[in-house]
Amino acid sequence: MDIRRLEAFRKVYELGSFSKAGQDLFLSQPTISAHVLSLEQELGTQLFDRLGRTILPTQAGDILYKHALQAFAALESATAEIGLLQQRVAGEILIGGSTIPATYLLPQRLAEFRKLYPDVRVRLTVGDSQDIITAIQNGALALGVVGAMLPDPDLVFTHLQDDDLIIACSRSLPEYQAFVKSGAEQLPADLLHKWPWVLREQGSGTRRALELALSSLGLDLRTFSPAIEARSHEAVVQCALHGLGLCVTSRIAAAPCLAKGDLIPIEIPGLQMQRSFQIVRHAKRHLFPAMRYFIDFLNSSKG
């Protein structure tokens with residue numbers, strides 16, 4: 001099976017478009033179409049359903065894609081192993097990070113790693129913890145750094161760094177101004193549901209940590225009043241800064257806003273939230289040298 005045709009098929013599968021696959025591979029759309037057609041003729045089956053401008057993989061396409069990923073991983077591993085014979089760590093690593101690790105933890109570590117191994121290429125995907133874990137489960141990513149753990153015997157989680165979560169808001173929030181005027185130093189937990197909230201989406205490690213902390217106090221997040229729900233930490237913080245409500249944020253990520261006084265931490269009696277960031281990988285997936293070196297590097301730089 002021609003590797004160029006297989007690469008064209010993989011890109012069409014991942015991007016859902018012949019034209020986008022051509023742009024990604026610097027090939028014309030007719031060339032991409034010809035490669036996929038040749039594969040279909042070779043296999044004697046259709047790999048994609050063409051529904052107007054929509055491209056959907058057939059069952060045969062799903063099967064081929066799964067094995068194509070394994071084939072490309074094996075080739076990448078071979079290239080990396082040969083590079084080691086020349087005392088050269090090289091290759092591509094596919095990493096996923098939930099919002100906080102991808103924005104505040106991984107960039108510095110990746111910069112340091114690339115200084116040591118400049119021949120390693122990195123693709124960093126950002127999503128919530130559930131997105132990244134799912135991508136590792138289905139083989140789309142080789143490694144992730146996330147803020148939540150899921151029970152799965154095929155996944156290996158390794159502690160990387162702890163992080164405190166705090167509840168904070170802007171001085172402009174009306175409820176906060178009334179709270180200050182009352183002279184209170186702490187906000188009773190049973191009043192939390194009366195304040196507006198800016199929340200992360202379901203699947204976020206930050207939201208899950210809040211749910212667990214509230215549950216320990218006999219409270220249910222579903223009874224709260226979210227003013228807005230957002231899919232990124234930056235959006236949550238910006239909404240809170242503009243007075244839309246309380247937010248839960250990483251102390252690591254919010255440090256600049258806290259130092260300037262733009263965000264004010266709210267003390268809640270009995271409410272403590274700490275979560276850990278975990279390195280996650282698939283136990284049954286082969287780790288080629290560049291990935292092994294990167295995991296060792298992360299473990300040596302634990303916080």
# chains A, B, ... in the order shown; residues from 1 in each chain; ligands from 1
>>> select_by_dssp(residues="stretch 170-251 of chain A", states="strand (DSSP E)", output="number ranges by chain")
A: 196-200, 225-230, 246-250
>>> residues_around(residues="A:Ser301", least_positions_apart="5", cutoff="9 Å", atoms="only C-alpha atoms", output="JSON, numbers by chain")
{"A": [109, 160, 296]}
>>> closest_residue(among="A:Arg222, A:Gly270, A:Ala168, A:Glu211", to="A:Val248", atoms="only C-alpha atoms")
A:Ala168
>>> closest_residue(among="A:Ile295, A:Ala90, A:Ala189, A:Ile136", to="A:Pro118", atoms="only C-alpha atoms")
A:Ala90
>>> atom_distance(atom1="atom CA of A:Val237", atom2="atom CA of A:Thr249")
7.4 Å
>>> closest_residue(among="A:Leu39, A:Val12, A:Val122, A:Leu187", to="A:Thr54", atoms="only C-alpha atoms")
A:Val12
>>> atom_distance(atom1="atom CA of A:Pro289", atom2="atom CA of A:Arg4")
24.3 Å
>>> closest_residue(among="A:Phe297, A:Phe18, A:Tyr176, A:Phe157", to="A:Ser33", atoms="only C-alpha atoms")
A:Phe18
>>> closest_residue(among="A:Leu173, A:Leu192, A:Ile266, A:Ala68", to="A:Tyr13", atoms="only C-alpha atoms")
A:Ala68
>>> select_by_dssp(residues="stretch 33-215 of chain A", states="helix (DSSP H, G or I)", output="JSON, numbers by chain")
{"A": [33, 34, 35, 36, 37, 38, 39, 40, 41, 42, 43, 59, 60, 61, 62, 63, 64, 65, 66, 67, 68, 69, 70, 71, 72, 73, 74, 75, 76, 77, 78, 79, 80, 81, 82, 83, 84, 85, 99, 100, 101, 102, 103, 104, 105, 106, 107, 108, 109, 110, 111, 112, 113, 114, 115, 116, 129, 130, 131, 132, 133, 134, 135, 136, 137, 174, 175, 176, 177, 178, 179, 180, 181, 182, 189, 190, 191, 192, 193, 194, 205, 206, 207, 208, 209, 210, 211, 212, 213, 214, 215]}
>>> residues_around(residues="A:Tyr104", least_positions_apart="3", cutoff="12 Å", atoms="only C-alpha atoms", output="MDAnalysis selection string")
chainID A and resid 97:101 107:110 126 145 161 163 233:234 250:255 277
>>> write_last_selection(atoms="N, CA and C atoms", output="PDB file, in the first residue's frame")
ATOM      1  N   GLY A  97      -3.240  19.083  26.061  1.00  0.00           N
ATOM      2  CA  GLY A  97      -3.254  19.694  27.385  1.00  0.00           C
ATOM      3  C   GLY A  97      -4.604  20.320  27.666  1.00  0.00           C
ATOM      4  N   SER A  98      -5.120  20.102  28.883  1.00  0.00           N
ATOM      5  CA  SER A  98      -6.313  20.850  29.258  1.00  0.00           C
ATOM      6  C   SER A  98      -5.893  22.313  29.414  1.00  0.00           C
ATOM      7  N   THR A  99      -6.868  23.196  29.576  1.00  0.00           N
ATOM      8  CA  THR A  99      -6.618  24.631  29.406  1.00  0.00           C
ATOM      9  C   THR A  99      -5.469  25.172  30.242  1.00  0.00           C
ATOM     10  N   ILE A 100      -5.476  24.900  31.547  1.00  0.00           N
ATOM     11  CA  ILE A 100      -4.443  25.474  32.414  1.00  0.00           C
ATOM     12  C   ILE A 100      -3.063  24.904  32.097  1.00  0.00           C
ATOM     13  N   PRO A 101      -2.888  23.575  32.039  1.00  0.00           N
ATOM     14  CA  PRO A 101      -1.556  23.055  31.695  1.00  0.00           C
ATOM     15  C   PRO A 101      -1.062  23.534  30.335  1.00  0.00           C
ATOM     16  N   PRO A 107       4.064  25.287  28.021  1.00  0.00           N
ATOM     17  CA  PRO A 107       4.930  26.103  27.144  1.00  0.00           C
ATOM     18  C   PRO A 107       6.364  26.220  27.630  1.00  0.00           C
ATOM     19  N   GLN A 108       6.571  26.516  28.909  1.00  0.00           N
ATOM     20  CA  GLN A 108       7.936  26.643  29.424  1.00  0.00           C
ATOM     21  C   GLN A 108       8.680  25.312  29.343  1.00  0.00           C
ATOM     22  N   ARG A 109       7.982  24.232  29.709  1.00  0.00           N
ATOM     23  CA  ARG A 109       8.633  22.927  29.675  1.00  0.00           C
ATOM     24  C   ARG A 109       8.962  22.509  28.241  1.00  0.00           C
ATOM     25  N   LEU A 110       8.071  22.815  27.310  1.00  0.00           N
ATOM     26  CA  LEU A 110       8.335  22.485  25.908  1.00  0.00           C
ATOM     27  C   LEU A 110       9.521  23.286  25.376  1.00  0.00           C
ATOM     28  N   VAL A 126      -5.187  21.672  22.461  1.00  0.00           N
ATOM     29  CA  VAL A 126      -5.791  22.209  23.682  1.00  0.00           C
ATOM     30  C   VAL A 126      -7.279  21.847  23.725  1.00  0.00           C
ATOM     31  N   VAL A 145      -1.640  16.218  29.418  1.00  0.00           N
ATOM     32  CA  VAL A 145      -1.511  16.739  30.781  1.00  0.00           C
ATOM     33  C   VAL A 145      -2.860  17.352  31.116  1.00  0.00           C
ATOM     34  N   GLN A 161       1.900  18.003  39.002  1.00  0.00           N
ATOM     35  CA  GLN A 161       1.968  19.211  39.822  1.00  0.00           C
ATOM     36  C   GLN A 161       0.619  19.476  40.479  1.00  0.00           C
ATOM     37  N   ASP A 163      -2.212  22.124  42.238  1.00  0.00           N
ATOM     38  CA  ASP A 163      -2.683  23.481  41.977  1.00  0.00           C
ATOM     39  C   ASP A 163      -3.849  23.793  42.905  1.00  0.00           C
ATOM     40  N   HIS A 233     -10.475  28.863  30.217  1.00  0.00           N
ATOM     41  CA  HIS A 233     -10.178  29.567  31.460  1.00  0.00           C
ATOM     42  C   HIS A 233     -10.098  31.067  31.220  1.00  0.00           C
ATOM     43  N   GLU A 234      -9.501  31.471  30.098  1.00  0.00           N
ATOM     44  CA  GLU A 234      -9.357  32.893  29.804  1.00  0.00           C
ATOM     45  C   GLU A 234     -10.717  33.572  29.706  1.00  0.00           C
ATOM     46  N   SER A 250      -7.632  28.802  38.728  1.00  0.00           N
ATOM     47  CA  SER A 250      -6.358  28.290  39.217  1.00  0.00           C
ATOM     48  C   SER A 250      -5.555  29.432  39.825  1.00  0.00           C
ATOM     49  N   ARG A 251      -4.992  29.196  40.998  1.00  0.00           N
ATOM     50  CA  ARG A 251      -4.155  30.230  41.613  1.00  0.00           C
ATOM     51  C   ARG A 251      -2.932  30.507  40.744  1.00  0.00           C
ATOM     52  N   ILE A 252      -2.408  29.465  40.102  1.00  0.00           N
ATOM     53  CA  ILE A 252      -1.267  29.640  39.211  1.00  0.00           C
ATOM     54  C   ILE A 252      -1.631  30.581  38.062  1.00  0.00           C
ATOM     55  N   ALA A 253      -2.782  30.319  37.436  1.00  0.00           N
ATOM     56  CA  ALA A 253      -3.179  31.096  36.270  1.00  0.00           C
ATOM     57  C   ALA A 253      -3.623  32.504  36.634  1.00  0.00           C
ATOM     58  N   ALA A 254      -4.238  32.666  37.806  1.00  0.00           N
ATOM     59  CA  ALA A 254      -4.804  33.969  38.187  1.00  0.00           C
ATOM     60  C   ALA A 254      -3.805  34.866  38.908  1.00  0.00           C
ATOM     61  N   ALA A 255      -2.584  34.394  39.124  1.00  0.00           N
ATOM     62  CA  ALA A 255      -1.606  35.160  39.914  1.00  0.00           C
ATOM     63  C   ALA A 255      -1.468  36.615  39.473  1.00  0.00           C
ATOM     64  N   PHE A 277      -2.441  18.162  38.485  1.00  0.00           N
ATOM     65  CA  PHE A 277      -2.311  17.940  37.058  1.00  0.00           C
ATOM     66  C   PHE A 277      -1.593  16.610  36.838  1.00  0.00           C
TER      67      PHE A 277
END
>>> atom_distance(atom1="atom CA of A:Tyr117", atom2="atom CA of A:Leu141")
20.3 Å
>>> residues_around(residues="stretch 278-285 of chain A", least_positions_apart="3", cutoff="7 Å", atoms="only C-alpha atoms", output="list in words")
Ile136, Gln137, Ala142, Leu143, Gly144, Val145, Val146, Gly147, Asp154, Leu155, Val156, Phe157, Thr158, His159 and Leu160 of chain A
>>> write_last_selection(atoms="C-alpha atoms", output="PDB file, in the first residue's frame")
ATOM      1  CA  ILE A 136      -5.702   9.486  24.122  1.00  0.00           C
ATOM      2  CA  GLN A 137      -8.210   6.653  24.484  1.00  0.00           C
ATOM      3  CA  ALA A 142      -0.029  10.013  22.529  1.00  0.00           C
ATOM      4  CA  LEU A 143       0.247  12.007  25.751  1.00  0.00           C
ATOM      5  CA  GLY A 144      -1.783  14.512  27.742  1.00  0.00           C
ATOM      6  CA  VAL A 145      -1.511  16.739  30.781  1.00  0.00           C
ATOM      7  CA  VAL A 146      -4.927  17.145  32.395  1.00  0.00           C
ATOM      8  CA  GLY A 147      -6.608  18.277  35.593  1.00  0.00           C
ATOM      9  CA  ASP A 154      -5.887   1.245  29.720  1.00  0.00           C
ATOM     10  CA  LEU A 155      -4.814   4.695  30.930  1.00  0.00           C
ATOM     11  CA  VAL A 156      -1.741   5.470  33.014  1.00  0.00           C
ATOM     12  CA  PHE A 157      -1.892   8.648  35.137  1.00  0.00           C
ATOM     13  CA  THR A 158       1.246  10.113  36.724  1.00  0.00           C
ATOM     14  CA  HIS A 159       1.187  13.087  39.098  1.00  0.00           C
ATOM     15  CA  LEU A 160       2.896  16.194  37.693  1.00  0.00           C
TER      16      LEU A 160
END
>>> closest_residue(among="A:Glu40, A:Glu112, A:Asp164, A:Asp262", to="A:Gln238", atoms="only C-alpha atoms")
A:Asp262
>>> residues_around(residues="A:Leu64", least_positions_apart="4", cutoff="9 Å", atoms="only C-alpha atoms", output="PDB file with N, CA, C and O atoms, in the first residue's frame")
ATOM      1  N   ARG A  10      -5.479   9.704   5.335  1.00  0.00           N
ATOM      2  CA  ARG A  10      -5.513  10.097   6.748  1.00  0.00           C
ATOM      3  C   ARG A  10      -5.894  11.567   6.897  1.00  0.00           C
ATOM      4  O   ARG A  10      -6.701  11.922   7.767  1.00  0.00           O
ATOM      5  N   LEU A  47     -14.243   4.292   0.837  1.00  0.00           N
ATOM      6  CA  LEU A  47     -13.717   4.748   2.119  1.00  0.00           C
ATOM      7  C   LEU A  47     -14.454   5.974   2.656  1.00  0.00           C
ATOM      8  O   LEU A  47     -14.461   6.218   3.865  1.00  0.00           O
ATOM      9  N   GLN A  59     -17.635   2.645   7.179  1.00  0.00           N
ATOM     10  CA  GLN A  59     -17.110   1.715   8.179  1.00  0.00           C
ATOM     11  C   GLN A  59     -15.723   1.229   7.769  1.00  0.00           C
ATOM     12  O   GLN A  59     -14.826   1.099   8.605  1.00  0.00           O
ATOM     13  N   ALA A  60     -15.537   0.995   6.472  1.00  0.00           N
ATOM     14  CA  ALA A  60     -14.213   0.586   5.980  1.00  0.00           C
ATOM     15  C   ALA A  60     -13.195   1.698   6.216  1.00  0.00           C
ATOM     16  O   ALA A  60     -12.031   1.441   6.560  1.00  0.00           O
ATOM     17  N   ALA A  68      -4.112   2.787  10.007  1.00  0.00           N
ATOM     18  CA  ALA A  68      -3.167   3.745   9.430  1.00  0.00           C
ATOM     19  C   ALA A  68      -2.409   4.476  10.531  1.00  0.00           C
ATOM     20  O   ALA A  68      -1.197   4.713  10.429  1.00  0.00           O
ATOM     21  N   LEU A  69      -3.118   4.840  11.612  1.00  0.00           N
ATOM     22  CA  LEU A  69      -2.455   5.501  12.737  1.00  0.00           C
ATOM     23  C   LEU A  69      -1.361   4.611  13.314  1.00  0.00           C
ATOM     24  O   LEU A  69      -0.267   5.081  13.649  1.00  0.00           O
TER      25      LEU A  69
END
>>> residues_around(residues="A:Leu56", least_positions_apart="3", cutoff="8 Å", atoms="only C-alpha atoms", output="ChimeraX atom specification")
/A:13,16,48-51
>>> residues_around(residues="A:Val36", least_positions_apart="5", cutoff="7 Å", atoms="only C-alpha atoms", output="PDB file with N, CA and C atoms, in the first residue's frame")
ATOM      1  N   ARG A   5      -0.476   7.585  -0.596  1.00  0.00           N
ATOM      2  CA  ARG A   5      -1.935   7.469  -0.676  1.00  0.00           C
ATOM      3  C   ARG A   5      -2.544   7.341   0.719  1.00  0.00           C
ATOM      4  N   ALA A   8      -2.598  10.723   2.344  1.00  0.00           N
ATOM      5  CA  ALA A   8      -3.688  11.536   1.801  1.00  0.00           C
ATOM      6  C   ALA A   8      -5.022  11.117   2.412  1.00  0.00           C
ATOM      7  N   PHE A   9      -5.231   9.813   2.526  1.00  0.00           N
ATOM      8  CA  PHE A   9      -6.461   9.302   3.142  1.00  0.00           C
ATOM      9  C   PHE A   9      -6.569   9.773   4.584  1.00  0.00           C
TER      10      PHE A   9
END
>>> decode(residues="stretch 220-234 of chain A", atoms="all heavy atoms", output="mmCIF file, in the first residue's frame")
data_model
loop_
_atom_site.group_PDB
_atom_site.id
_atom_site.type_symbol
_atom_site.label_atom_id
_atom_site.label_comp_id
_atom_site.auth_asym_id
_atom_site.auth_seq_id
_atom_site.Cartn_x
_atom_site.Cartn_y
_atom_site.Cartn_z
ATOM 1 N N ASP A 220 -24.982 21.385 46.077
ATOM 2 C CA ASP A 220 -25.085 20.861 44.716
ATOM 3 C C ASP A 220 -24.948 22.020 43.738
ATOM 4 O O ASP A 220 -25.730 22.982 43.782
ATOM 5 C CB ASP A 220 -26.434 20.161 44.528
ATOM 6 C CG ASP A 220 -26.530 19.410 43.201
ATOM 7 O OD1 ASP A 220 -25.767 19.737 42.268
ATOM 8 O OD2 ASP A 220 -27.373 18.504 43.109
ATOM 9 N N LEU A 221 -23.962 21.935 42.839
ATOM 10 C CA LEU A 221 -23.722 23.005 41.876
ATOM 11 C C LEU A 221 -24.939 23.262 40.988
ATOM 12 O O LEU A 221 -25.135 24.375 40.495
ATOM 13 C CB LEU A 221 -22.494 22.663 41.016
ATOM 14 C CG LEU A 221 -22.028 23.725 40.014
ATOM 15 C CD1 LEU A 221 -21.661 25.021 40.726
ATOM 16 C CD2 LEU A 221 -20.853 23.210 39.196
ATOM 17 N N ARG A 222 -25.757 22.257 40.789
ATOM 18 C CA ARG A 222 -26.924 22.414 39.921
ATOM 19 C C ARG A 222 -27.948 23.396 40.484
ATOM 20 O O ARG A 222 -28.826 23.869 39.759
ATOM 21 C CB ARG A 222 -27.577 21.052 39.671
ATOM 22 C CG ARG A 222 -26.741 20.116 38.808
ATOM 23 C CD ARG A 222 -27.341 18.727 38.721
ATOM 24 N NE ARG A 222 -27.336 18.056 40.019
ATOM 25 C CZ ARG A 222 -27.761 16.815 40.220
ATOM 26 N NH1 ARG A 222 -28.237 16.109 39.200
ATOM 27 N NH2 ARG A 222 -27.728 16.273 41.428
ATOM 28 N N THR A 223 -27.844 23.715 41.763
ATOM 29 C CA THR A 223 -28.768 24.679 42.370
ATOM 30 C C THR A 223 -28.252 26.101 42.262
ATOM 31 O O THR A 223 -28.934 27.044 42.679
ATOM 32 C CB THR A 223 -29.004 24.344 43.850
ATOM 33 O OG1 THR A 223 -27.774 24.524 44.582
ATOM 34 C CG2 THR A 223 -29.480 22.914 44.019
ATOM 35 N N PHE A 224 -27.042 26.285 41.696
ATOM 36 C CA PHE A 224 -26.445 27.617 41.600
ATOM 37 C C PHE A 224 -26.989 28.353 40.378
ATOM 38 O O PHE A 224 -27.690 27.788 39.550
ATOM 39 C CB PHE A 224 -24.927 27.507 41.513
ATOM 40 C CG PHE A 224 -24.281 27.187 42.834
ATOM 41 C CD1 PHE A 224 -24.948 26.451 43.806
ATOM 42 C CD2 PHE A 224 -23.012 27.606 43.120
ATOM 43 C CE1 PHE A 224 -24.372 26.145 45.019
ATOM 44 C CE2 PHE A 224 -22.410 27.313 44.331
ATOM 45 C CZ PHE A 224 -23.092 26.580 45.283
ATOM 46 N N SER A 225 -26.636 29.637 40.281
ATOM 47 C CA SER A 225 -27.152 30.487 39.201
ATOM 48 C C SER A 225 -26.009 30.908 38.278
ATOM 49 O O SER A 225 -25.373 31.949 38.500
ATOM 50 C CB SER A 225 -27.825 31.734 39.786
ATOM 51 O OG SER A 225 -28.859 31.385 40.673
ATOM 52 N N PRO A 226 -25.726 30.123 37.233
ATOM 53 C CA PRO A 226 -24.660 30.526 36.310
ATOM 54 C C PRO A 226 -25.107 31.683 35.421
ATOM 55 O O PRO A 226 -26.157 31.618 34.779
ATOM 56 C CB PRO A 226 -24.411 29.256 35.487
ATOM 57 C CG PRO A 226 -25.689 28.483 35.568
ATOM 58 C CD PRO A 226 -26.304 28.822 36.897
ATOM 59 N N ALA A 227 -24.315 32.765 35.409
ATOM 60 C CA ALA A 227 -24.596 33.870 34.496
ATOM 61 C C ALA A 227 -24.122 33.518 33.095
ATOM 62 O O ALA A 227 -24.702 33.926 32.091
ATOM 63 C CB ALA A 227 -23.896 35.137 34.981
ATOM 64 N N ILE A 228 -23.061 32.733 33.047
ATOM 65 C CA ILE A 228 -22.498 32.345 31.755
ATOM 66 C C ILE A 228 -21.654 31.090 31.951
ATOM 67 O O ILE A 228 -21.127 30.840 33.037
ATOM 68 C CB ILE A 228 -21.642 33.497 31.166
ATOM 69 C CG1 ILE A 228 -21.281 33.231 29.697
ATOM 70 C CG2 ILE A 228 -20.392 33.727 31.995
ATOM 71 C CD1 ILE A 228 -20.710 34.442 28.995
ATOM 72 N N GLU A 229 -21.541 30.284 30.908
ATOM 73 C CA GLU A 229 -20.686 29.092 30.894
ATOM 74 C C GLU A 229 -19.730 29.234 29.725
ATOM 75 O O GLU A 229 -20.148 29.588 28.617
ATOM 76 C CB GLU A 229 -21.549 27.840 30.745
ATOM 77 C CG GLU A 229 -20.790 26.537 30.862
ATOM 78 C CD GLU A 229 -21.715 25.332 30.817
ATOM 79 O OE1 GLU A 229 -22.424 25.088 31.807
ATOM 80 O OE2 GLU A 229 -21.737 24.644 29.773
ATOM 81 N N ALA A 230 -18.454 28.973 29.948
ATOM 82 C CA ALA A 230 -17.450 29.179 28.904
ATOM 83 C C ALA A 230 -16.523 27.972 28.808
ATOM 84 O O ALA A 230 -16.325 27.244 29.783
ATOM 85 C CB ALA A 230 -16.641 30.441 29.190
ATOM 86 N N ARG A 231 -15.931 27.790 27.622
ATOM 87 C CA ARG A 231 -15.092 26.616 27.373
ATOM 88 C C ARG A 231 -13.598 26.892 27.536
ATOM 89 O O ARG A 231 -12.779 26.062 27.174
ATOM 90 C CB ARG A 231 -15.353 26.079 25.965
ATOM 91 C CG ARG A 231 -16.645 25.288 25.822
ATOM 92 C CD ARG A 231 -16.686 24.555 24.486
ATOM 93 N NE ARG A 231 -15.584 23.611 24.368
ATOM 94 C CZ ARG A 231 -15.601 22.367 24.804
ATOM 95 N NH1 ARG A 231 -16.674 21.904 25.427
ATOM 96 N NH2 ARG A 231 -14.565 21.580 24.644
ATOM 97 N N SER A 232 -13.233 28.039 28.079
ATOM 98 C CA SER A 232 -11.813 28.295 28.305
ATOM 99 C C SER A 232 -11.628 29.069 29.596
ATOM 100 O O SER A 232 -12.505 29.838 30.015
ATOM 101 C CB SER A 232 -11.196 29.085 27.143
ATOM 102 O OG SER A 232 -11.547 30.451 27.207
ATOM 103 N N HIS A 233 -10.475 28.863 30.217
ATOM 104 C CA HIS A 233 -10.178 29.567 31.460
ATOM 105 C C HIS A 233 -10.098 31.067 31.220
ATOM 106 O O HIS A 233 -10.583 31.867 32.027
ATOM 107 C CB HIS A 233 -8.850 29.060 32.033
ATOM 108 C CG HIS A 233 -8.365 29.862 33.197
ATOM 109 N ND1 HIS A 233 -7.482 30.910 33.058
ATOM 110 C CD2 HIS A 233 -8.666 29.800 34.518
ATOM 111 C CE1 HIS A 233 -7.246 31.446 34.238
ATOM 112 N NE2 HIS A 233 -7.945 30.794 35.138
ATOM 113 N N GLU A 234 -9.501 31.471 30.098
ATOM 114 C CA GLU A 234 -9.357 32.893 29.804
ATOM 115 C C GLU A 234 -10.717 33.572 29.706
ATOM 116 O O GLU A 234 -10.917 34.685 30.212
ATOM 117 C CB GLU A 234 -8.568 33.090 28.502
ATOM 118 C CG GLU A 234 -7.092 32.740 28.596
ATOM 119 C CD GLU A 234 -6.853 31.239 28.539
ATOM 120 O OE1 GLU A 234 -7.813 30.495 28.275
ATOM 121 O OE2 GLU A 234 -5.699 30.822 28.760
#
